[in-house]
Structures are given as C-alpha cells and as structure tokens.
2 protein chains.
Amino acid sequence: MTTVSHLRADTPGCIHRIHLNNAGAALPPWPVIRAVQQHLDLEAQIGAYEAADHAAPAIAGFYDAIARLLGAKPHHIAFAGSATDAYARALSAIPLRPGDVILTTENDYVSNQIAFLALQKRLRIRLIRARDDAAGGVDVADFESILKKHRPKLAAVTHVPTNSGLVQPVEAIGKMCREQEVWYLVDACQSAGQIPLDVEKIGCDFLSATLRKFLRGPRGAGFLFASDRALEAGLEMPLPDMRSADWVGENKYISSKTARRFEYWEIPVALMLGSKAAAEYALSVGLDQIENRVKMLADLARKRLNELPGVDVLDKGVELCAIVTAHAKHWNPDTLLAQLQRENINCRISPLTVAQIDFPRKGVQWALRVSPHYYNTEEEVERVVEVLGKIT
Amino acid sequence: MTTVSHLRADTPGCIHRIHLNNAGAALPPWPVIRAVQQHLDLEAQIGAYEAADHAAPAIAGFYDAIARLLGAKPHHIAFAGSATDAYARALSAIPLRPGDVILTTENDYVSNQIAFLALQKRLRIRLIRARDDAAGGVDVADFESILKKHRPKLAAVTHVPTNSGLVQPVEAIGKMCREQEVWYLVDACQSAGQIPLDVEKIGCDFLSATLRKFLRGPRGAGFLFASDRALEAGLEMPLPDMRSADWVGENKYISSKTARRFEYWEIPVALMLGSKAAAEYALSVGLDQIENRVKMLADLARKRLNELPGVDVLDKGVELCAIVTAHAKHWNPDTLLAQLQRENINCRISPLTVAQIDFPRKGVQWALRVSPHYYNTEEEVERVVEVLGKIT
C-alpha cells in the first residue's frame, strides 16, 4: 500500500491544516487538482466546446472510473451537479400517486427528509420511517415488516446519514427490496470513497453520491447509478433535455437507453475530469485499505474524546465509520470552530436543522463533527483531542 | 469604451483561435479565469468549506452582480448548474394539472421543447405553439389571441432560440402576460451577455440563463431570476433541499422567502465566483456597446456570406443578433468544422435534432452557426468568409 507520507505529499493542503472536515469536503490530491486546472486552461485557450471535443476519451473515462468504483458498467452512470441533484433526479423518476408509500429510516440526510416532506405535500404520498433499533441503526426486521405490509413504491436509505458515524445495513435492506420488488434508492453521499461500494451486493436501483467528500473530488460534481431494471422500466426525469433524449420530430422525443437519460447537456467538463481523477485515485489507494484506515482513525478519535471529562461521543450503531460526532455542555458551538481554527484544525458543527430527529433523541441541539480520512494521521487526531481538552 | 485590442489582450484564447462559437461557449477573459483558479487553489489549500467561509463576501457579490445585469435585486437570484437546470426548476414550480395549457413559440430551444413534450406525456398538459409571422419571429397577435382564448397556466418564450439570430419580442409578450396575469418564463440563455436585459421591462416571472455563452463565464454555471410575484405566490421546486428550505421539525420544513428556494446546497463556489467576474466584466464593457458591436459583426458576416455563391443565410426576423446561420449544398456538415479548424477557426454545426420545426421549414437538415462576440474583429469575420468561400 502507498505510504501515508506519499499520500500526504500528494495533498498540498496537509501542510496548511489539520483537515478533519472530510465529511464536508476533503482536501483534494494533486491528480484531481491538475485534472481540473488543465482542462480549464485548455478551455480558455481553444474554447470550451472545442476542449470538450479534445477531451472526449477522458470524458468516457469518467464513466469507466465511476463504474469501476461501484462494480457497475459505464452505461449505468450519469454525471450530476451534486449528490442531491443526482438523488432528486432518481426520486423524481419514480412514478408516485397519491397514497403511495415511501419507506425510509429515521436517521437520514436532511435534504432527503425535506424532499420526502415536499412529496408528501405536493403529491400526497405517505412517508413511513422504519424505527431504529437499540444499537442505533435501522431496525431491519421493522423495515421488512413495513415493506411487506405497506408495499411501498420506493425504499430510500442513506448509507451513512451524515449526522454521525452510523453505517446503515444497505445490503440487508437491498436483499429485502429485491425479494419484494420495490424500487430501492441509496444515498451514498458520505460512504463513497471511504467504504467499498458494490451495487450488485447492495441491490439498489439507484445510488447517488458526491465527489467532494471522501472521494476527494471537486465541488459541483456528483453521480447517479441507475440499474438495468430501472432503465428497462423506462424510469426517467420529469424534464429531460437534449442530452437525456433526442428530439426526433415536432412532437416526439426518444429517451436515451442508458443512464444518460438522467443527464443534462451542460456538464462542467473540468469538474468531470477532476471527478474521474478522484475515482481513479481512490481505486489506486484501494477502498478496503481506505476503509480500514479511516475506521482506525475514527475509533481512535472516539476513544480519546470519551476520555475527556464532560464530552459525550454521540455515534451509535453496530457499524461506525469515519464520521465522529461529539458534544460537551462546556463547548460553545458559536466559538468552537474558531478555537480549533486558531490551531489550524478544520472540523464542523452540525446544527439541529440537519438532524431534527436524531439530535433531540440524543439530547443535543448541535454536535461537533470530526471526520478523518486516510491521509490524516494519528498524531493529527491526538492533536485535535488535545486542543479540545484544553477548552474550558 | 474599452478598446477592442484591450478586450482581446484580456482574452488569452484570441492568440490561438478565431473563435466564432460564442453561442456554444465564449472564450473567457482573464478576470473570469483568475477568479475560478484562485478559489480552486484556496480550496486545495485550506479545505472547500473553509474556502467558502472565507469567500462569503464574494459569494454575496455574485447575487449583486447578476441582479445588476438584470435590473433586479439580489434576493431574486438563484445559482444553478446550467440554464437548462435553472429553466427546469422554474418550469417544475408552476402548478400544472391535466388539461392546463402551456403556450410557447415554434422557434424555441430544443431542450425546452423536449421538456414540454415530457410534461404533455406525464401530466397531460396541452402544449400550444403560437405561429410565426412572415418576418420569422413569433406572431405577437396570434400569441395574444391564444393567451385570451386558452388562458394558459404558463407562457414560455426563448429570447434568442439558438437555431438562428432571431430575437423574439419578449417585452411585447411580457406586457400581454402581465395584462392577462399569466406566469411568464423567459429563456435568456443566448441573449444574456449580448443584449441588455431588464426584467422589469420584460415583465417576466422567471428568467433563466447560462454563464458560458455570451456572458463568457465558466461551464457548469447558470442562474434563475424569480419575480416577487412568483416568490410571494409560494412557487417552489418539487424537491427542495437544505438550502432551499429549513428543516424545522420532524415533519415540517419552511421554504426560503427569497430565490434561494430555487437553489441546492451544493454550489461549485469557484464557478460561482467566475460567474460573478463574468457578469461584472460584461457590465464594465457595457451591454449597450456590446449589443451594438456584436450586431455589427453579425450583420457583416451575413452580408459577406450572402455574397458567396451557393450559400444561403438562414436567419430570419425583424430583429437579429450575434448568431449567424448559413447553409450551402456544397458544404459537407461532417467535414466543414474540421476544414475551418485547420485554419484555427471555431464555428459549430447545428444538426436537425436541435431544430425539428425550424430547419424543415427552412428546407435544411443542418446549419453552420457562426457567432461572433465583441472581442472578435471584422478581420476575423472576413477571414472566416474567405475560408468558406474557398470550399468547393
């Protein structure tokens, strides 16, 4: 395996910051930075459409790289402007009628929760959230019983729901969705790049993710996986454009047969090429090795935080990953980040508005989120806890 | 006015190409290139969320700059990933029921045509296209009579429909829409940056545009204007997220009161800052001066092309702008661009699939699109025509 010092040498931001906000956005490695810059330079020199023509093989390489990351094929992959954008395209493709049920979990990403409530309001679908079990993740038996009893139109689960290090059992749920023949949408926004993903094993019909988090790609980039089942069923976006479809007659259009039907024509090609570089970089480091390392660093962070007086580690679940959340009554959420940044440490505060179900149950109104990645070190984790320990 | 040589000195691509594909994507000026690069560098050094925090005043400046470009206020403006993305957000916000009418024109941007057909299929709305008049643009009297007779839910017009240099009478139509109290969506994708825009004069409820064309901004950036009428009526995207809305309780969210309700949380900040620089650059050159110059260059191109044996200029309308389209039987659309590129000239071919109504009526299956901008010169236009004249 590539040494950590090599990985840090690839990451120019390492010399400036102890960056433990990878769940927000990770520091990019040089191959990503260069891929974006080089294409922007080319666009400025010869024109953006002309540069895209020139980069056609590399653009095709984006779909290859993401497909390899997921154990899918290139025709399953669509570029989107963000994970939320990708998720919305999938969600809006499910044919929903009043009374239809969407089944999700209590621990889910805030933007998805808002989207479900909007669907409830606009289309009068019924939102059911399977309850959590005592360990903290979704109660799989409850999920199954709701699947069988309510026959939802869609099951939507977020692999790592952002508010903590919880990892949901997406494969177990996928197996049940396949048995019950329910459309299954997985939000892999926080898991892509830190946990290996295999869409066959997960059994999802759609999977959305962003590039900027653990994949260490650029902002403004996301992707959507669409299964053959979904494509063959003719699922499509409500408002396709000239990339999603071909206009073949005055009143006729034909949708693309591949996941391209979930794309819009205008794509920030430089960001797409940076995304390709990010996916390839993750594959070259190795997702299994990445998973092992980030879990080791996160476990270390939780251990050390638990040793601090008055500090509660909030993460709860059978499987935990790189996101570490903690709370202390003597920490002030309005000044904590600045106190850390004075020591060149980047973390983040999660406010109540992103965890309206999760945080009240944990008895907190906010949480400090510390999210290491494989290019961070044990020394950096120890340093953060040391600084936090000095705050009174 | 800034001299043309100064404007060309600001445009590094000028020394490489005669770039007459501004209707596709324009060559960016240095302030745009630098704004994007500098922010990407900052993200790589200190983290992307941290860089966004640092750039908060400049991010606010994006909304100011676009607002000034449109004669609007910052709260009316939303960033989007493209013009089509912005347009789709507006279109999807109009409450449509089976049987509702959408009124548009025959000359309209392909992606919008596809979107209308999709709505027809999915929601069983009725699409009516007002006919063109003899001059080539929409027949305003016909538009008005359809407005009064059919009471459409939405009037949607593309200011400059891409397939030719036609400029539609968006202000005359807006006046009628205001009188009839019909929601009015204007696609300004090709007009923004070459023709002054004033949302008060146009009278639109929504206006969408891209940055990469005549505004000379980055790829992957667009914006949406939403009027106070639209905002106060509570129009919103079907699937809002944590930027569009706040999650305030387990089953409750509150939409933003401003155009922010049409934004998603993830924004490629570097592209937003490049967009700000592009809008400011256009304002500093002056939209009136820009309009005069591009129309002068386009008129010259049409005049010279008309002088070539066997070449037909296709643009038709009372008002024409920077997009020049032409056809010749002796030109081969599969090799024409390469022939031009050998002389370092960038143009584009518009195929039938982008003009299923317009091109058949003009008796062509494709067109050469030549689109100068204010940083091009008469010599460059003459050169292109000279090269085209030599093709047999």
# chains A, B, ... in the order shown; residues from 1 in each chain; ligands from 1
>>> residues_around(residues="Leu166 of chain B", least_positions_apart="5", cutoff="12 Å", atoms="only C-alpha atoms", output="JSON, numbers by chain")
{"B": [107, 108, 109, 132, 135, 136, 137, 138, 158, 159, 160, 161, 190, 191, 295, 298, 314, 315, 316, 317, 318, 319, 320, 321, 322, 323, 324, 325, 358]}
>>> write_last_selection(atoms="N, CA and C atoms", output="mmCIF file, in the first residue's frame")
data_model
loop_
_atom_site.group_PDB
_atom_site.id
_atom_site.type_symbol
_atom_site.label_atom_id
_atom_site.label_comp_id
_atom_site.auth_asym_id
_atom_site.auth_seq_id
_atom_site.Cartn_x
_atom_site.Cartn_y
_atom_site.Cartn_z
ATOM 1 N N ASN B 107 -40.354 28.660 -32.679
ATOM 2 C CA ASN B 107 -38.910 28.768 -32.601
ATOM 3 C C ASN B 107 -38.529 28.782 -31.131
ATOM 4 N N ASP B 108 -38.092 27.636 -30.632
ATOM 5 C CA ASP B 108 -37.737 27.586 -29.218
ATOM 6 C C ASP B 108 -36.592 26.609 -29.041
ATOM 7 N N TYR B 109 -35.862 26.727 -27.978
ATOM 8 C CA TYR B 109 -34.680 25.912 -27.727
ATOM 9 C C TYR B 109 -35.068 24.448 -27.561
ATOM 10 N N ASP B 132 -45.417 31.520 -36.167
ATOM 11 C CA ASP B 132 -44.502 32.592 -36.563
ATOM 12 C C ASP B 132 -45.209 33.513 -37.545
ATOM 13 N N ALA B 135 -42.204 37.532 -41.036
ATOM 14 C CA ALA B 135 -40.840 38.034 -40.828
ATOM 15 C C ALA B 135 -39.940 37.004 -40.155
ATOM 16 N N GLY B 136 -40.549 36.019 -39.465
ATOM 17 C CA GLY B 136 -39.733 34.947 -38.895
ATOM 18 C C GLY B 136 -39.840 34.773 -37.399
ATOM 19 N N GLY B 137 -40.220 35.806 -36.678
ATOM 20 C CA GLY B 137 -40.381 35.668 -35.225
ATOM 21 C C GLY B 137 -41.814 35.297 -34.899
ATOM 22 N N VAL B 138 -42.125 35.219 -33.629
ATOM 23 C CA VAL B 138 -43.491 34.832 -33.244
ATOM 24 C C VAL B 138 -44.472 35.910 -33.662
ATOM 25 N N THR B 158 -38.338 31.710 -25.548
ATOM 26 C CA THR B 158 -36.887 31.812 -25.570
ATOM 27 C C THR B 158 -36.484 33.078 -26.308
ATOM 28 N N HIS B 159 -35.745 33.928 -25.636
ATOM 29 C CA HIS B 159 -35.388 35.235 -26.155
ATOM 30 C C HIS B 159 -34.649 35.110 -27.482
ATOM 31 N N VAL B 160 -33.596 34.333 -27.529
ATOM 32 C CA VAL B 160 -32.853 34.052 -28.759
ATOM 33 C C VAL B 160 -32.762 32.540 -28.868
ATOM 34 N N PRO B 161 -33.572 31.941 -29.768
ATOM 35 C CA PRO B 161 -33.739 30.481 -29.732
ATOM 36 C C PRO B 161 -32.576 29.597 -30.207
ATOM 37 N N GLN B 190 -29.192 32.483 -24.658
ATOM 38 C CA GLN B 190 -28.349 33.036 -25.715
ATOM 39 C C GLN B 190 -28.310 34.557 -25.720
ATOM 40 N N SER B 191 -29.228 35.186 -25.010
ATOM 41 C CA SER B 191 -29.252 36.653 -25.064
ATOM 42 C C SER B 191 -28.428 37.289 -23.946
ATOM 43 N N LYS B 295 -23.911 43.035 -33.085
ATOM 44 C CA LYS B 295 -24.860 43.112 -34.194
ATOM 45 C C LYS B 295 -24.144 43.601 -35.463
ATOM 46 N N ALA B 298 -22.177 40.599 -36.738
ATOM 47 C CA ALA B 298 -23.072 39.588 -37.303
ATOM 48 C C ALA B 298 -23.642 40.062 -38.636
ATOM 49 N N LEU B 314 -29.616 31.830 -43.236
ATOM 50 C CA LEU B 314 -30.918 31.327 -42.796
ATOM 51 C C LEU B 314 -31.636 32.236 -41.799
ATOM 52 N N ASP B 315 -30.918 33.181 -41.199
ATOM 53 C CA ASP B 315 -31.525 33.997 -40.139
ATOM 54 C C ASP B 315 -32.678 34.811 -40.680
ATOM 55 N N LYS B 316 -33.744 34.820 -39.908
ATOM 56 C CA LYS B 316 -34.966 35.466 -40.383
ATOM 57 C C LYS B 316 -35.666 36.092 -39.183
ATOM 58 N N GLY B 317 -35.901 37.391 -39.229
ATOM 59 C CA GLY B 317 -36.605 38.034 -38.121
ATOM 60 C C GLY B 317 -36.474 39.528 -38.202
ATOM 61 N N VAL B 318 -37.387 40.226 -37.562
ATOM 62 C CA VAL B 318 -37.352 41.685 -37.526
ATOM 63 C C VAL B 318 -36.082 42.154 -36.815
ATOM 64 N N GLU B 319 -35.737 41.460 -35.735
ATOM 65 C CA GLU B 319 -34.505 41.792 -35.006
ATOM 66 C C GLU B 319 -33.593 40.570 -35.003
ATOM 67 N N LEU B 320 -32.360 40.773 -35.438
ATOM 68 C CA LEU B 320 -31.365 39.695 -35.437
ATOM 69 C C LEU B 320 -30.203 40.082 -34.531
ATOM 70 N N CYS B 321 -29.499 39.073 -34.013
ATOM 71 C CA CYS B 321 -28.408 39.352 -33.083
ATOM 72 C C CYS B 321 -27.139 38.615 -33.511
ATOM 73 N N ALA B 322 -26.316 38.220 -32.555
ATOM 74 C CA ALA B 322 -24.960 37.747 -32.844
ATOM 75 C C ALA B 322 -24.870 36.367 -33.467
ATOM 76 N N ILE B 323 -25.969 35.629 -33.529
ATOM 77 C CA ILE B 323 -25.898 34.269 -34.074
ATOM 78 C C ILE B 323 -26.210 34.336 -35.567
ATOM 79 N N VAL B 324 -25.303 33.809 -36.372
ATOM 80 C CA VAL B 324 -25.450 33.807 -37.829
ATOM 81 C C VAL B 324 -25.503 32.352 -38.269
ATOM 82 N N THR B 325 -26.547 31.992 -39.024
ATOM 83 C CA THR B 325 -26.643 30.613 -39.512
ATOM 84 C C THR B 325 -26.711 30.610 -41.031
ATOM 85 N N ASP B 358 -37.863 24.373 -36.985
ATOM 86 C CA ASP B 358 -37.271 25.479 -37.711
ATOM 87 C C ASP B 358 -36.570 25.047 -39.002
#
>>> select_by_dssp(residues="segment 55-163 of chain B", states="strand (DSSP E)", output="PyMOL selection string")
chain B and resi 77-80+101-105+126-130+154-158
>>> closest_residue(among="A:Arg219, A:Arg17, A:Arg124, A:Arg178", to="His39 of chain B", atoms="only C-alpha atoms")
A:Arg219
>>> interface_residues(of="chain A", to="chain B", cutoff="7 Å", atoms="only C-alpha atoms", output="CSV table (one decimal) with N, CA and C atoms, in the first residue's frame")
chain,number,residue,atom,x,y,z
A,12,PRO,N,-1.6,18.9,-1.1
A,12,PRO,CA,-1.0,20.2,-0.8
A,12,PRO,C,-1.5,20.9,0.5
A,13,GLY,N,-2.8,20.6,0.8
A,13,GLY,CA,-3.4,21.3,1.9
A,13,GLY,C,-2.9,20.7,3.3
A,16,HIS,N,-1.0,23.0,5.4
A,16,HIS,CA,-1.6,24.2,6.0
A,16,HIS,C,-2.6,23.9,7.1
A,17,ARG,N,-3.2,22.8,7.1
A,17,ARG,CA,-4.3,22.5,8.0
A,17,ARG,C,-4.3,21.0,8.5
A,24,GLY,N,-17.4,17.1,5.2
A,24,GLY,CA,-17.9,18.3,4.5
A,24,GLY,C,-17.3,18.3,3.1
A,25,ALA,N,-16.0,18.5,3.0
A,25,ALA,CA,-15.3,18.4,1.8
A,25,ALA,C,-13.8,18.0,2.1
A,26,ALA,N,-13.3,17.1,1.4
A,26,ALA,CA,-11.9,16.6,1.6
A,26,ALA,C,-10.9,17.5,0.9
A,27,LEU,N,-9.7,17.5,1.4
A,27,LEU,CA,-8.6,18.1,0.7
A,27,LEU,C,-8.3,17.3,-0.6
A,28,PRO,N,-8.2,17.9,-1.7
A,28,PRO,CA,-8.0,17.1,-3.0
A,28,PRO,C,-6.5,16.8,-3.1
A,44,ALA,N,-9.8,27.8,-21.9
A,44,ALA,CA,-9.5,29.3,-22.1
A,44,ALA,C,-8.7,29.5,-23.4
A,45,GLN,N,-8.0,28.5,-23.7
A,45,GLN,CA,-7.1,28.6,-24.9
A,45,GLN,C,-7.8,28.4,-26.2
A,46,ILE,N,-8.6,27.3,-26.3
A,46,ILE,CA,-9.2,26.9,-27.6
A,46,ILE,C,-10.7,27.0,-27.6
A,47,GLY,N,-11.4,27.3,-26.5
A,47,GLY,CA,-12.8,27.3,-26.5
A,47,GLY,C,-13.3,26.1,-25.8
A,48,ALA,N,-14.4,26.2,-25.0
A,48,ALA,CA,-14.9,25.1,-24.1
A,48,ALA,C,-15.4,23.9,-24.9
A,49,TYR,N,-16.2,24.2,-26.0
A,49,TYR,CA,-16.8,23.1,-26.7
A,49,TYR,C,-15.6,22.3,-27.4
A,81,GLY,N,-24.8,17.5,-10.8
A,81,GLY,CA,-24.1,18.6,-10.2
A,81,GLY,C,-23.8,18.5,-8.7
A,82,SER,N,-24.4,17.4,-8.1
A,82,SER,CA,-24.2,17.2,-6.7
A,82,SER,C,-24.9,15.9,-6.4
A,88,ALA,N,-32.3,13.7,-6.5
A,88,ALA,CA,-33.6,14.3,-6.9
A,88,ALA,C,-34.0,13.7,-8.3
A,110,VAL,N,-30.7,15.2,5.9
A,110,VAL,CA,-31.7,16.3,6.0
A,110,VAL,C,-32.3,16.7,4.6
A,111,SER,N,-31.5,16.8,3.6
A,111,SER,CA,-32.1,17.2,2.3
A,111,SER,C,-33.1,16.2,1.8
A,114,ILE,N,-36.3,16.6,3.7
A,114,ILE,CA,-37.1,17.7,3.2
A,114,ILE,C,-37.8,17.3,1.8
A,115,ALA,N,-37.1,16.6,1.0
A,115,ALA,CA,-37.6,16.2,-0.3
A,115,ALA,C,-38.9,15.3,0.0
A,117,LEU,N,-40.8,15.3,2.6
A,117,LEU,CA,-41.9,16.1,3.1
A,117,LEU,C,-42.6,16.9,2.0
A,118,ALA,N,-41.8,17.3,1.0
A,118,ALA,CA,-42.3,18.1,-0.1
A,118,ALA,C,-43.2,17.2,-1.0
A,219,ARG,N,-15.8,20.3,-6.0
A,219,ARG,CA,-17.2,20.7,-5.7
A,219,ARG,C,-17.9,20.8,-7.0
A,220,GLY,N,-19.3,20.7,-6.9
A,220,GLY,CA,-20.1,20.9,-8.0
A,220,GLY,C,-20.2,19.6,-8.9
A,238,PRO,N,-38.5,14.0,-15.0
A,238,PRO,CA,-39.7,14.7,-15.5
A,238,PRO,C,-39.4,15.6,-16.6
A,239,LEU,N,-38.3,16.3,-16.5
A,239,LEU,CA,-37.9,17.3,-17.6
A,239,LEU,C,-36.6,16.9,-18.2
A,240,PRO,N,-36.6,16.0,-19.2
A,240,PRO,CA,-35.4,15.7,-19.9
A,240,PRO,C,-34.9,16.8,-20.8
A,241,ASP,N,-33.7,16.8,-21.2
A,241,ASP,CA,-33.3,17.8,-22.2
A,241,ASP,C,-32.6,17.1,-23.4
A,242,MET,N,-31.8,17.8,-24.1
A,242,MET,CA,-31.3,17.3,-25.4
A,242,MET,C,-30.1,16.3,-25.2
A,246,ASP,N,-33.4,12.5,-27.4
A,246,ASP,CA,-33.3,13.1,-28.8
A,246,ASP,C,-34.6,13.6,-29.2
A,247,TRP,N,-34.6,14.8,-29.8
A,247,TRP,CA,-35.8,15.4,-30.4
A,247,TRP,C,-35.9,14.9,-31.8
A,248,VAL,N,-36.9,14.0,-32.1
A,248,VAL,CA,-36.8,13.3,-33.4
A,248,VAL,C,-37.9,13.7,-34.3
A,249,GLY,N,-38.9,14.5,-33.8
A,249,GLY,CA,-39.9,15.0,-34.7
A,249,GLY,C,-40.6,16.2,-33.9
A,250,GLU,N,-41.4,16.9,-34.6
A,250,GLU,CA,-42.0,18.1,-34.0
A,250,GLU,C,-42.6,17.8,-32.6
A,251,ASN,N,-43.3,16.7,-32.5
A,251,ASN,CA,-43.9,16.3,-31.2
A,251,ASN,C,-43.5,15.0,-30.6
A,253,TYR,N,-40.0,12.8,-28.9
A,253,TYR,CA,-38.6,12.6,-28.4
A,253,TYR,C,-38.4,11.2,-28.0
A,266,GLU,N,-25.5,20.3,-20.3
A,266,GLU,CA,-24.4,21.2,-19.9
A,266,GLU,C,-23.7,20.5,-18.7
A,267,ILE,N,-22.4,20.1,-18.9
A,267,ILE,CA,-21.6,19.5,-17.9
A,267,ILE,C,-20.3,20.3,-17.8
A,268,PRO,N,-20.0,20.6,-16.5
A,268,PRO,CA,-18.7,21.3,-16.3
A,268,PRO,C,-17.6,20.2,-16.5
A,353,THR,N,-30.9,21.9,12.7
A,353,THR,CA,-31.6,21.9,11.4
A,353,THR,C,-31.2,20.8,10.4
A,354,VAL,N,-30.1,20.1,10.7
A,354,VAL,CA,-29.7,18.9,9.9
A,354,VAL,C,-30.1,17.6,10.5
A,356,GLN,N,-33.2,16.9,12.8
A,356,GLN,CA,-34.4,17.1,13.6
A,356,GLN,C,-34.9,15.9,14.3
A,357,ILE,N,-34.5,14.7,13.9
A,357,ILE,CA,-35.0,13.5,14.6
A,357,ILE,C,-33.8,13.0,15.4
>>> select_by_dssp(residues="segment 265-361 of chain B", states="alpha helix (DSSP H)", output="MDAnalysis selection string")
chainID B and resid 269:285 287:307 336:341 358:361
>>> residues_around(residues="Asn292 of chain A", least_positions_apart="2", cutoff="12 Å", atoms="only C-alpha atoms", output="VMD selection string")
chain A and resid 194 to 196 285 to 290 294 to 299 320 to 322 373 to 374
>>> write_last_selection(atoms="C-alpha atoms", output="short mmCIF file (atom, residue, chain, number, x, y, z; two decimals), in the first residue's frame")
data_model
loop_
_atom_site.label_atom_id
_atom_site.label_comp_id
_atom_site.auth_asym_id
_atom_site.auth_seq_id
_atom_site.Cartn_x
_atom_site.Cartn_y
_atom_site.Cartn_z
CA GLN A 194 -14.46 5.63 2.49
CA ILE A 195 -16.36 2.33 2.25
CA PRO A 196 -16.24 -0.02 -0.76
CA VAL A 285 -5.20 3.57 -2.95
CA GLY A 286 -7.70 0.72 -2.54
CA LEU A 287 -11.13 1.02 -0.93
CA ASP A 288 -10.52 -1.82 1.53
CA GLN A 289 -7.32 -0.21 2.77
CA ILE A 290 -9.07 3.16 2.93
CA VAL A 294 -10.42 5.67 8.34
CA LYS A 295 -12.19 3.37 10.79
CA MET A 296 -8.98 3.03 12.79
CA LEU A 297 -8.56 6.82 12.94
CA ALA A 298 -12.22 7.39 13.81
CA ASP A 299 -12.10 4.74 16.54
CA LEU A 320 -19.40 3.02 12.56
CA CYS A 321 -17.21 4.77 10.01
CA ALA A 322 -15.10 7.91 9.53
CA HIS A 373 -9.65 10.49 6.10
CA TYR A 374 -6.85 8.15 5.12
#
>>> atom_distance(atom1="atom CA of Gly234 of chain A", atom2="atom CA of Trp183 of chain A")
12.9 Å
>>> residues_around(residues="Leu96 of chain B", least_positions_apart="2", cutoff="8 Å", atoms="only C-alpha atoms", output="ChimeraX atom specification")
/B:94,98,100,123,125,153
>>> closest_residue(among="A:Gly217, A:Pro309, A:Gly193, A:Gly71", to="Leu273 of chain A", atoms="only C-alpha atoms")
A:Gly217
